[in-house]
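Visitor: For reference, the file final08.pdb (PDB, N, CA and C atoms) is included below:
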ATOM      1  N   MET Q  90      11.646  25.086 -76.493
ATOM      2  CA  MET Q  90      11.335  23.781 -75.942
ATOM      3  C   MET Q  90      10.889  22.825 -77.048
ATOM      4  N   GLU Q  91      10.177  23.348 -78.041
ATOM      5  CA  GLU Q  91       9.738  22.507 -79.149
ATOM      6  C   GLU Q  91      10.918  21.920 -79.910
ATOM      7  N   GLN Q  92      11.952  22.727 -80.118
ATOM      8  CA  GLN Q  92      13.132  22.247 -80.839
ATOM      9  C   GLN Q  92      13.869  21.178 -80.050
ATOM     10  N   TYR Q  93      13.707  21.195 -78.748
ATOM     11  CA  TYR Q  93      14.403  20.257 -77.868
ATOM     12  C   TYR Q  93      13.434  19.194 -77.368
ATOM     13  N   GLY Q  94      12.365  18.960 -78.120
ATOM     14  CA  GLY Q  94      11.283  18.077 -77.695
ATOM     15  C   GLY Q  94      11.715  16.682 -77.294
ATOM     16  N   GLU Q  95      10.973  16.124 -76.361
ATOM     17  CA  GLU Q  95      11.241  14.792 -75.841
ATOM     18  C   GLU Q  95      11.202  13.725 -76.930
ATOM     19  N   HIS Q  96      10.359  13.923 -77.930
ATOM     20  CA  HIS Q  96      10.229  12.927 -78.994
ATOM     21  C   HIS Q  96      11.524  12.739 -79.782
ATOM     22  N   LYS Q  97      12.376  13.722 -79.764
ATOM     23  CA  LYS Q  97      13.625  13.647 -80.525
ATOM     24  C   LYS Q  97      14.651  12.723 -79.873
ATOM     25  N   LYS Q  98      14.483  12.421 -78.616
ATOM     26  CA  LYS Q  98      15.438  11.567 -77.917
ATOM     27  C   LYS Q  98      15.003  10.110 -77.880
ATOM     28  N   GLU Q  99      13.816   9.833 -78.340
ATOM     29  CA  GLU Q  99      13.241   8.493 -78.226
ATOM     30  C   GLU Q  99      14.100   7.409 -78.895
ATOM     31  N   HIS Q 100      14.576   7.652 -80.113
ATOM     32  CA  HIS Q 100      15.378   6.652 -80.826
ATOM     33  C   HIS Q 100      16.689   6.357 -80.094
ATOM     34  N   LEU Q 101      17.339   7.400 -79.618
ATOM     35  CA  LEU Q 101      18.584   7.210 -78.883
ATOM     36  C   LEU Q 101      18.337   6.437 -77.591
ATOM     37  N   GLU Q 102      17.293   6.809 -76.877
ATOM     38  CA  GLU Q 102      16.982   6.117 -75.625
ATOM     39  C   GLU Q 102      16.685   4.636 -75.883
ATOM     40  N   ASN Q 103      15.943   4.347 -76.938
ATOM     41  CA  ASN Q 103      15.643   2.953 -77.266
ATOM     42  C   ASN Q 103      16.911   2.177 -77.612
ATOM     43  N   ALA Q 104      17.805   2.795 -78.371
ATOM     44  CA  ALA Q 104      19.052   2.135 -78.752
ATOM     45  C   ALA Q 104      19.930   1.889 -77.523
ATOM     46  N   LEU Q 105      20.026   2.882 -76.653
ATOM     47  CA  LEU Q 105      20.828   2.717 -75.441
ATOM     48  C   LEU Q 105      20.224   1.664 -74.517
ATOM     49  N   THR Q 106      18.911   1.677 -74.393
ATOM     50  CA  THR Q 106      18.236   0.679 -73.560
ATOM     51  C   THR Q 106      18.522  -0.723 -74.084
ATOM     52  N   ALA Q 107      18.427  -0.895 -75.384
ATOM     53  CA  ALA Q 107      18.715  -2.200 -75.994
ATOM     54  C   ALA Q 107      20.163  -2.621 -75.731
ATOM     55  N   ALA Q 108      21.080  -1.659 -75.821
ATOM     56  CA  ALA Q 108      22.492  -1.965 -75.561
ATOM     57  C   ALA Q 108      22.702  -2.391 -74.112
ATOM     58  N   PHE Q 109      22.081  -1.678 -73.184
ATOM     59  CA  PHE Q 109      22.232  -2.046 -71.773
ATOM     60  C   PHE Q 109      21.539  -3.369 -71.458
ATOM     61  N   GLU Q 110      20.462  -3.672 -72.180
ATOM     62  CA  GLU Q 110      19.819  -4.984 -72.024
ATOM     63  C   GLU Q 110      20.778  -6.082 -72.481
ATOM     64  N   LYS Q 111      21.416  -5.858 -73.615
ATOM     65  CA  LYS Q 111      22.362  -6.828 -74.164
ATOM     66  C   LYS Q 111      23.544  -7.027 -73.207
ATOM     67  N   LEU Q 112      23.933  -5.962 -72.534
ATOM     68  CA  LEU Q 112      25.031  -6.030 -71.574
ATOM     69  C   LEU Q 112      24.567  -6.552 -70.210
ATOM     70  N   GLU Q 113      23.282  -6.862 -70.118
ATOM     71  CA  GLU Q 113      22.659  -7.441 -68.924
ATOM     72  C   GLU Q 113      22.717  -6.541 -67.690
ATOM     73  N   TYR Q 114      22.510  -5.249 -67.910
ATOM     74  CA  TYR Q 114      22.388  -4.332 -66.776
ATOM     75  C   TYR Q 114      21.055  -4.589 -66.086
ATOM     76  N   ALA Q 115      21.017  -4.420 -64.782
ATOM     77  CA  ALA Q 115      19.808  -4.699 -64.003
ATOM     78  C   ALA Q 115      18.637  -3.796 -64.391
ATOM     79  N   ASN Q 116      18.914  -2.530 -64.679
ATOM     80  CA  ASN Q 116      17.874  -1.555 -65.027
ATOM     81  C   ASN Q 116      18.277  -0.821 -66.300
ATOM     82  N   PRO Q 117      18.163  -1.475 -67.447
ATOM     83  CA  PRO Q 117      18.674  -0.892 -68.684
ATOM     84  C   PRO Q 117      18.034   0.438 -69.080
ATOM     85  N   LYS Q 118      16.738   0.586 -68.873
ATOM     86  CA  LYS Q 118      16.072   1.841 -69.243
ATOM     87  C   LYS Q 118      16.557   2.985 -68.353
ATOM     88  N   GLU Q 119      16.681   2.726 -67.070
ATOM     89  CA  GLU Q 119      17.172   3.752 -66.145
ATOM     90  C   GLU Q 119      18.626   4.107 -66.463
ATOM     91  N   GLU Q 120      19.417   3.097 -66.787
ATOM     92  CA  GLU Q 120      20.818   3.335 -67.127
ATOM     93  C   GLU Q 120      20.913   4.193 -68.390
ATOM     94  N   ALA Q 121      20.075   3.897 -69.378
ATOM     95  CA  ALA Q 121      20.058   4.672 -70.615
ATOM     96  C   ALA Q 121      19.676   6.124 -70.337
ATOM     97  N   GLN Q 122      18.651   6.315 -69.529
ATOM     98  CA  GLN Q 122      18.215   7.677 -69.199
ATOM     99  C   GLN Q 122      19.294   8.424 -68.428
ATOM    100  N   LEU Q 123      19.948   7.750 -67.497
ATOM    101  CA  LEU Q 123      21.016   8.395 -66.725
ATOM    102  C   LEU Q 123      22.179   8.797 -67.619
ATOM    103  N   LEU Q 124      22.546   7.935 -68.555
ATOM    104  CA  LEU Q 124      23.626   8.268 -69.482
ATOM    105  C   LEU Q 124      23.245   9.466 -70.346
ATOM    106  N   MET Q 125      22.002   9.516 -70.798
ATOM    107  CA  MET Q 125      21.557  10.646 -71.618
ATOM    108  C   MET Q 125      21.571  11.950 -70.817
ATOM    109  N   ILE Q 126      21.151  11.894 -69.572
ATOM    110  CA  ILE Q 126      21.178  13.077 -68.712
ATOM    111  C   ILE Q 126      22.627  13.523 -68.486
ATOM    112  N   THR Q 127      23.512  12.561 -68.269
ATOM    113  CA  THR Q 127      24.931  12.867 -68.075
ATOM    114  C   THR Q 127      25.516  13.538 -69.314
ATOM    115  N   MET Q 128      25.223  12.976 -70.483
ATOM    116  CA  MET Q 128      25.732  13.542 -71.731
ATOM    117  C   MET Q 128      25.178  14.950 -71.960
ATOM    118  N   ASP Q 129      23.925  15.151 -71.625
ATOM    119  CA  ASP Q 129      23.314  16.472 -71.754
ATOM    120  C   ASP Q 129      24.034  17.480 -70.854
ATOM    121  N   GLY Q 130      24.323  17.064 -69.638
ATOM    122  CA  GLY Q 130      25.039  17.935 -68.706
ATOM    123  C   GLY Q 130      26.448  18.241 -69.182
ATOM    124  N   LEU Q 131      27.122  17.243 -69.729
ATOM    125  CA  LEU Q 131      28.468  17.459 -70.245
ATOM    126  C   LEU Q 131      28.462  18.426 -71.421
ATOM    127  N   ALA Q 132      27.477  18.280 -72.301
ATOM    128  CA  ALA Q 132      27.375  19.188 -73.443
ATOM    129  C   ALA Q 132      27.126  20.619 -72.960
ATOM    130  N   THR Q 133      26.282  20.766 -71.966
ATOM    131  CA  THR Q 133      25.995  22.094 -71.409
ATOM    132  C   THR Q 133      27.273  22.707 -70.827
ATOM    133  N   ARG Q 134      28.002  21.933 -70.023
ATOM    134  CA  ARG Q 134      29.263  22.413 -69.433
ATOM    135  C   ARG Q 134      30.242  22.817 -70.516
ATOM    136  N   LEU Q 135      30.347  22.008 -71.563
ATOM    137  CA  LEU Q 135      31.286  22.276 -72.648
ATOM    138  C   LEU Q 135      31.036  23.648 -73.270
ATOM    139  N   PHE Q 136      29.764  23.999 -73.430
ATOM    140  CA  PHE Q 136      29.430  25.277 -74.058
ATOM    141  C   PHE Q 136      29.432  26.457 -73.087
ATOM    142  N   LEU Q 137      29.245  26.196 -71.809
ATOM    143  CA  LEU Q 137      29.118  27.296 -70.855
ATOM    144  C   LEU Q 137      30.360  27.573 -70.014
ATOM    145  N   GLN Q 138      31.263  26.622 -69.932
ATOM    146  CA  GLN Q 138      32.418  26.781 -69.043
ATOM    147  C   GLN Q 138      33.709  26.816 -69.849
ATOM    148  N   ARG Q 139      34.443  27.881 -69.676
ATOM    149  CA  ARG Q 139      35.741  27.984 -70.351
ATOM    150  C   ARG Q 139      36.677  26.890 -69.834
ATOM    151  N   ASN Q 140      37.459  26.367 -70.739
ATOM    152  CA  ASN Q 140      38.472  25.370 -70.385
ATOM    153  C   ASN Q 140      37.901  24.143 -69.676
ATOM    154  N   PHE Q 141      36.683  23.762 -70.024
ATOM    155  CA  PHE Q 141      36.077  22.570 -69.428
ATOM    156  C   PHE Q 141      36.847  21.338 -69.891
ATOM    157  N   ASP Q 142      37.217  20.481 -68.960
ATOM    158  CA  ASP Q 142      38.017  19.300 -69.259
ATOM    159  C   ASP Q 142      37.110  18.133 -69.673
ATOM    160  N   LEU Q 143      36.705  18.136 -70.920
ATOM    161  CA  LEU Q 143      35.831  17.088 -71.442
ATOM    162  C   LEU Q 143      36.569  15.753 -71.541
ATOM    163  N   THR Q 144      37.841  15.800 -71.832
ATOM    164  CA  THR Q 144      38.618  14.575 -72.026
ATOM    165  C   THR Q 144      38.600  13.692 -70.782
ATOM    166  N   SER Q 145      38.789  14.274 -69.625
ATOM    167  CA  SER Q 145      38.801  13.460 -68.402
ATOM    168  C   SER Q 145      37.421  12.857 -68.132
ATOM    169  N   LYS Q 146      36.372  13.590 -68.452
ATOM    170  CA  LYS Q 146      35.005  13.074 -68.262
ATOM    171  C   LYS Q 146      34.726  11.946 -69.251
ATOM    172  N   GLN Q 147      35.194  12.117 -70.473
ATOM    173  CA  GLN Q 147      35.035  11.086 -71.489
ATOM    174  C   GLN Q 147      35.772   9.814 -71.060
ATOM    175  N   GLU Q 148      36.982   9.959 -70.582
ATOM    176  CA  GLU Q 148      37.761   8.807 -70.124
ATOM    177  C   GLU Q 148      37.076   8.107 -68.953
ATOM    178  N   PHE Q 149      36.516   8.894 -68.044
ATOM    179  CA  PHE Q 149      35.809   8.325 -66.897
ATOM    180  C   PHE Q 149      34.612   7.503 -67.356
ATOM    181  N   LEU Q 150      33.820   8.052 -68.267
ATOM    182  CA  LEU Q 150      32.651   7.336 -68.766
ATOM    183  C   LEU Q 150      33.049   6.062 -69.514
ATOM    184  N   MET Q 151      34.087   6.143 -70.283
ATOM    185  CA  MET Q 151      34.539   4.966 -71.029
ATOM    186  C   MET Q 151      35.007   3.870 -70.069
ATOM    187  N   LYS Q 152      35.667   4.264 -69.006
ATOM    188  CA  LYS Q 152      36.110   3.301 -67.995
ATOM    189  C   LYS Q 152      34.906   2.715 -67.266
ATOM    190  N   LYS Q 153      33.952   3.561 -66.924
ATOM    191  CA  LYS Q 153      32.742   3.129 -66.215
ATOM    192  C   LYS Q 153      31.995   2.061 -67.002
ATOM    193  N   TYR Q 154      31.889   2.247 -68.302
ATOM    194  CA  TYR Q 154      31.149   1.320 -69.153
ATOM    195  C   TYR Q 154      32.048   0.317 -69.869
ATOM    196  N   ASN Q 155      33.303   0.240 -69.457
ATOM    197  CA  ASN Q 155      34.251  -0.725 -70.032
ATOM    198  C   ASN Q 155      34.302  -0.669 -71.562
ATOM    199  N   VAL Q 156      34.433   0.539 -72.090
ATOM    200  CA  VAL Q 156      34.485   0.725 -73.541
ATOM    201  C   VAL Q 156      35.906   1.016 -73.953
TER
END
Taking this structure as input, can you express it in the form of structure tokens?
Guide:
Amino acid sequence: MEQYGEHKKEHLENALTAAFEKLEYANPKEEAQLLMITMDGLATRLFLQRNFDLTSKQEFLMKKYNV
């Protein structure tokens, strides 16, 4: 748990929050946290599930955020 400490995600969360603020999302901090949770789940699936289709999930997220 120490290696995965909450303090290690602070910079990323701040950067994502700032990006969502710039994009004028209604709840930028919540959006940043949700994206981080989603990415964490995707990384877990990638390592635990054989033949996990990461590409389709990546495409979905890119479409969702208009990237």
Visitor: Please report the interatomic distance between CA of Met125 in chain Q and CA of Lys98 in chain Q in Å with one decimal.
Guide: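 These atoms are spaced 8.8 Å apart.
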Visitor: Enumerate as a PDB file with N, CA and C atoms, keeping the file's coordinate frame all residues of chain Q assigned to helix (DSSP H, G or I) by DSSP on the backbone, naming them with the chain letters and numbers the document uses.
Guide:
ATOM      1  N   GLU Q  95      10.973  16.124 -76.361  1.00  0.00           N
ATOM      2  CA  GLU Q  95      11.241  14.792 -75.841  1.00  0.00           C
ATOM      3  C   GLU Q  95      11.202  13.725 -76.930  1.00  0.00           C
ATOM      4  N   HIS Q  96      10.359  13.923 -77.930  1.00  0.00           N
ATOM      5  CA  HIS Q  96      10.229  12.927 -78.994  1.00  0.00           C
ATOM      6  C   HIS Q  96      11.524  12.739 -79.782  1.00  0.00           C
ATOM      7  N   LYS Q  97      12.376  13.722 -79.764  1.00  0.00           N
ATOM      8  CA  LYS Q  97      13.625  13.647 -80.525  1.00  0.00           C
ATOM      9  C   LYS Q  97      14.651  12.723 -79.873  1.00  0.00           C
ATOM     10  N   LYS Q  98      14.483  12.421 -78.616  1.00  0.00           N
ATOM     11  CA  LYS Q  98      15.438  11.567 -77.917  1.00  0.00           C
ATOM     12  C   LYS Q  98      15.003  10.110 -77.880  1.00  0.00           C
ATOM     13  N   GLU Q  99      13.816   9.833 -78.340  1.00  0.00           N
ATOM     14  CA  GLU Q  99      13.241   8.493 -78.226  1.00  0.00           C
ATOM     15  C   GLU Q  99      14.100   7.409 -78.895  1.00  0.00           C
ATOM     16  N   HIS Q 100      14.576   7.652 -80.113  1.00  0.00           N
ATOM     17  CA  HIS Q 100      15.378   6.652 -80.826  1.00  0.00           C
ATOM     18  C   HIS Q 100      16.689   6.357 -80.094  1.00  0.00           C
ATOM     19  N   LEU Q 101      17.339   7.400 -79.618  1.00  0.00           N
ATOM     20  CA  LEU Q 101      18.584   7.210 -78.883  1.00  0.00           C
ATOM     21  C   LEU Q 101      18.337   6.437 -77.591  1.00  0.00           C
ATOM     22  N   GLU Q 102      17.293   6.809 -76.877  1.00  0.00           N
ATOM     23  CA  GLU Q 102      16.982   6.117 -75.625  1.00  0.00           C
ATOM     24  C   GLU Q 102      16.685   4.636 -75.883  1.00  0.00           C
ATOM     25  N   ASN Q 103      15.943   4.347 -76.938  1.00  0.00           N
ATOM     26  CA  ASN Q 103      15.643   2.953 -77.266  1.00  0.00           C
ATOM     27  C   ASN Q 103      16.911   2.177 -77.612  1.00  0.00           C
ATOM     28  N   ALA Q 104      17.805   2.795 -78.371  1.00  0.00           N
ATOM     29  CA  ALA Q 104      19.052   2.135 -78.752  1.00  0.00           C
ATOM     30  C   ALA Q 104      19.930   1.889 -77.523  1.00  0.00           C
ATOM     31  N   LEU Q 105      20.026   2.882 -76.653  1.00  0.00           N
ATOM     32  CA  LEU Q 105      20.828   2.717 -75.441  1.00  0.00           C
ATOM     33  C   LEU Q 105      20.224   1.664 -74.517  1.00  0.00           C
ATOM     34  N   THR Q 106      18.911   1.677 -74.393  1.00  0.00           N
ATOM     35  CA  THR Q 106      18.236   0.679 -73.560  1.00  0.00           C
ATOM     36  C   THR Q 106      18.522  -0.723 -74.084  1.00  0.00           C
ATOM     37  N   ALA Q 107      18.427  -0.895 -75.384  1.00  0.00           N
ATOM     38  CA  ALA Q 107      18.715  -2.200 -75.994  1.00  0.00           C
ATOM     39  C   ALA Q 107      20.163  -2.621 -75.731  1.00  0.00           C
ATOM     40  N   ALA Q 108      21.080  -1.659 -75.821  1.00  0.00           N
ATOM     41  CA  ALA Q 108      22.492  -1.965 -75.561  1.00  0.00           C
ATOM     42  C   ALA Q 108      22.702  -2.391 -74.112  1.00  0.00           C
ATOM     43  N   PHE Q 109      22.081  -1.678 -73.184  1.00  0.00           N
ATOM     44  CA  PHE Q 109      22.232  -2.046 -71.773  1.00  0.00           C
ATOM     45  C   PHE Q 109      21.539  -3.369 -71.458  1.00  0.00           C
ATOM     46  N   GLU Q 110      20.462  -3.672 -72.180  1.00  0.00           N
ATOM     47  CA  GLU Q 110      19.819  -4.984 -72.024  1.00  0.00           C
ATOM     48  C   GLU Q 110      20.778  -6.082 -72.481  1.00  0.00           C
ATOM     49  N   LYS Q 111      21.416  -5.858 -73.615  1.00  0.00           N
ATOM     50  CA  LYS Q 111      22.362  -6.828 -74.164  1.00  0.00           C
ATOM     51  C   LYS Q 111      23.544  -7.027 -73.207  1.00  0.00           C
ATOM     52  N   PRO Q 117      18.163  -1.475 -67.447  1.00  0.00           N
ATOM     53  CA  PRO Q 117      18.674  -0.892 -68.684  1.00  0.00           C
ATOM     54  C   PRO Q 117      18.034   0.438 -69.080  1.00  0.00           C
ATOM     55  N   LYS Q 118      16.738   0.586 -68.873  1.00  0.00           N
ATOM     56  CA  LYS Q 118      16.072   1.841 -69.243  1.00  0.00           C
ATOM     57  C   LYS Q 118      16.557   2.985 -68.353  1.00  0.00           C
ATOM     58  N   GLU Q 119      16.681   2.726 -67.070  1.00  0.00           N
ATOM     59  CA  GLU Q 119      17.172   3.752 -66.145  1.00  0.00           C
ATOM     60  C   GLU Q 119      18.626   4.107 -66.463  1.00  0.00           C
ATOM     61  N   GLU Q 120      19.417   3.097 -66.787  1.00  0.00           N
ATOM     62  CA  GLU Q 120      20.818   3.335 -67.127  1.00  0.00           C
ATOM     63  C   GLU Q 120      20.913   4.193 -68.390  1.00  0.00           C
ATOM     64  N   ALA Q 121      20.075   3.897 -69.378  1.00  0.00           N
ATOM     65  CA  ALA Q 121      20.058   4.672 -70.615  1.00  0.00           C
ATOM     66  C   ALA Q 121      19.676   6.124 -70.337  1.00  0.00           C
ATOM     67  N   GLN Q 122      18.651   6.315 -69.529  1.00  0.00           N
ATOM     68  CA  GLN Q 122      18.215   7.677 -69.199  1.00  0.00           C
ATOM     69  C   GLN Q 122      19.294   8.424 -68.428  1.00  0.00           C
ATOM     70  N   LEU Q 123      19.948   7.750 -67.497  1.00  0.00           N
ATOM     71  CA  LEU Q 123      21.016   8.395 -66.725  1.00  0.00           C
ATOM     72  C   LEU Q 123      22.179   8.797 -67.619  1.00  0.00           C
ATOM     73  N   LEU Q 124      22.546   7.935 -68.555  1.00  0.00           N
ATOM     74  CA  LEU Q 124      23.626   8.268 -69.482  1.00  0.00           C
ATOM     75  C   LEU Q 124      23.245   9.466 -70.346  1.00  0.00           C
ATOM     76  N   MET Q 125      22.002   9.516 -70.798  1.00  0.00           N
ATOM     77  CA  MET Q 125      21.557  10.646 -71.618  1.00  0.00           C
ATOM     78  C   MET Q 125      21.571  11.950 -70.817  1.00  0.00           C
ATOM     79  N   ILE Q 126      21.151  11.894 -69.572  1.00  0.00           N
ATOM     80  CA  ILE Q 126      21.178  13.077 -68.712  1.00  0.00           C
ATOM     81  C   ILE Q 126      22.627  13.523 -68.486  1.00  0.00           C
ATOM     82  N   THR Q 127      23.512  12.561 -68.269  1.00  0.00           N
ATOM     83  CA  THR Q 127      24.931  12.867 -68.075  1.00  0.00           C
ATOM     84  C   THR Q 127      25.516  13.538 -69.314  1.00  0.00           C
ATOM     85  N   MET Q 128      25.223  12.976 -70.483  1.00  0.00           N
ATOM     86  CA  MET Q 128      25.732  13.542 -71.731  1.00  0.00           C
ATOM     87  C   MET Q 128      25.178  14.950 -71.960  1.00  0.00           C
ATOM     88  N   ASP Q 129      23.925  15.151 -71.625  1.00  0.00           N
ATOM     89  CA  ASP Q 129      23.314  16.472 -71.754  1.00  0.00           C
ATOM     90  C   ASP Q 129      24.034  17.480 -70.854  1.00  0.00           C
ATOM     91  N   GLY Q 130      24.323  17.064 -69.638  1.00  0.00           N
ATOM     92  CA  GLY Q 130      25.039  17.935 -68.706  1.00  0.00           C
ATOM     93  C   GLY Q 130      26.448  18.241 -69.182  1.00  0.00           C
ATOM     94  N   LEU Q 131      27.122  17.243 -69.729  1.00  0.00           N
ATOM     95  CA  LEU Q 131      28.468  17.459 -70.245  1.00  0.00           C
ATOM     96  C   LEU Q 131      28.462  18.426 -71.421  1.00  0.00           C
ATOM     97  N   ALA Q 132      27.477  18.280 -72.301  1.00  0.00           N
ATOM     98  CA  ALA Q 132      27.375  19.188 -73.443  1.00  0.00           C
ATOM     99  C   ALA Q 132      27.126  20.619 -72.960  1.00  0.00           C
ATOM    100  N   THR Q 133      26.282  20.766 -71.966  1.00  0.00           N
ATOM    101  CA  THR Q 133      25.995  22.094 -71.409  1.00  0.00           C
ATOM    102  C   THR Q 133      27.273  22.707 -70.827  1.00  0.00           C
ATOM    103  N   ARG Q 134      28.002  21.933 -70.023  1.00  0.00           N
ATOM    104  CA  ARG Q 134      29.263  22.413 -69.433  1.00  0.00           C
ATOM    105  C   ARG Q 134      30.242  22.817 -70.516  1.00  0.00           C
ATOM    106  N   LEU Q 135      30.347  22.008 -71.563  1.00  0.00           N
ATOM    107  CA  LEU Q 135      31.286  22.276 -72.648  1.00  0.00           C
ATOM    108  C   LEU Q 135      31.036  23.648 -73.270  1.00  0.00           C
ATOM    109  N   PHE Q 136      29.764  23.999 -73.430  1.00  0.00           N
ATOM    110  CA  PHE Q 136      29.430  25.277 -74.058  1.00  0.00           C
ATOM    111  C   PHE Q 136      29.432  26.457 -73.087  1.00  0.00           C
ATOM    112  N   LEU Q 137      29.245  26.196 -71.809  1.00  0.00           N
ATOM    113  CA  LEU Q 137      29.118  27.296 -70.855  1.00  0.00           C
ATOM    114  C   LEU Q 137      30.360  27.573 -70.014  1.00  0.00           C
ATOM    115  N   LEU Q 143      36.705  18.136 -70.920  1.00  0.00           N
ATOM    116  CA  LEU Q 143      35.831  17.088 -71.442  1.00  0.00           C
ATOM    117  C   LEU Q 143      36.569  15.753 -71.541  1.00  0.00           C
ATOM    118  N   THR Q 144      37.841  15.800 -71.832  1.00  0.00           N
ATOM    119  CA  THR Q 144      38.618  14.575 -72.026  1.00  0.00           C
ATOM    120  C   THR Q 144      38.600  13.692 -70.782  1.00  0.00           C
ATOM    121  N   SER Q 145      38.789  14.274 -69.625  1.00  0.00           N
ATOM    122  CA  SER Q 145      38.801  13.460 -68.402  1.00  0.00           C
ATOM    123  C   SER Q 145      37.421  12.857 -68.132  1.00  0.00           C
ATOM    124  N   LYS Q 146      36.372  13.590 -68.452  1.00  0.00           N
ATOM    125  CA  LYS Q 146      35.005  13.074 -68.262  1.00  0.00           C
ATOM    126  C   LYS Q 146      34.726  11.946 -69.251  1.00  0.00           C
ATOM    127  N   GLN Q 147      35.194  12.117 -70.473  1.00  0.00           N
ATOM    128  CA  GLN Q 147      35.035  11.086 -71.489  1.00  0.00           C
ATOM    129  C   GLN Q 147      35.772   9.814 -71.060  1.00  0.00           C
ATOM    130  N   GLU Q 148      36.982   9.959 -70.582  1.00  0.00           N
ATOM    131  CA  GLU Q 148      37.761   8.807 -70.124  1.00  0.00           C
ATOM    132  C   GLU Q 148      37.076   8.107 -68.953  1.00  0.00           C
ATOM    133  N   PHE Q 149      36.516   8.894 -68.044  1.00  0.00           N
ATOM    134  CA  PHE Q 149      35.809   8.325 -66.897  1.00  0.00           C
ATOM    135  C   PHE Q 149      34.612   7.503 -67.356  1.00  0.00           C
ATOM    136  N   LEU Q 150      33.820   8.052 -68.267  1.00  0.00           N
ATOM    137  CA  LEU Q 150      32.651   7.336 -68.766  1.00  0.00           C
ATOM    138  C   LEU Q 150      33.049   6.062 -69.514  1.00  0.00           C
ATOM    139  N   MET Q 151      34.087   6.143 -70.283  1.00  0.00           N
ATOM    140  CA  MET Q 151      34.539   4.966 -71.029  1.00  0.00           C
ATOM    141  C   MET Q 151      35.007   3.870 -70.069  1.00  0.00           C
ATOM    142  N   LYS Q 152      35.667   4.264 -69.006  1.00  0.00           N
ATOM    143  CA  LYS Q 152      36.110   3.301 -67.995  1.00  0.00           C
ATOM    144  C   LYS Q 152      34.906   2.715 -67.266  1.00  0.00           C
ATOM    145  N   LYS Q 153      33.952   3.561 -66.924  1.00  0.00           N
ATOM    146  CA  LYS Q 153      32.742   3.129 -66.215  1.00  0.00           C
ATOM    147  C   LYS Q 153      31.995   2.061 -67.002  1.00  0.00           C
TER     148      LYS Q 153
END
Visitor: What gap, in Å, lies between CA of Glu99 in chain Q and CA of Lys118 in chain Q?
Guide: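 Straight-line distance from CA of Glu99 in chain Q to CA of Lys118 in chain Q works out to 11.5 Å.
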Visitor: What does the distance between CA of Ile126 in chain Q and CA of Leu112 in chain Q come to in Å, to one decimal place?
Guide: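 Pair CA of Ile126 in chain Q / CA of Leu112 in chain Q returns 19.7 Å.
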Visitor: Pull out every residue that the PyMOL selection byres (((chain Q and resi 121 and name CA) around 12) and name CA) matches in the shown coordinates and put them as number ranges by chain.
Guide: Q: 98-110, 112, 114-120, 122-128, 154
Visitor: Which of these, Q:Lys111, Q:Lys152, Q:Glu95, Q:Gln147, has the shortest distance to Ala132 in chain Q once you count only C-alpha atoms?
Guide: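 For Ala132 in chain Q, the nearest of the candidates is Q:Gln147.
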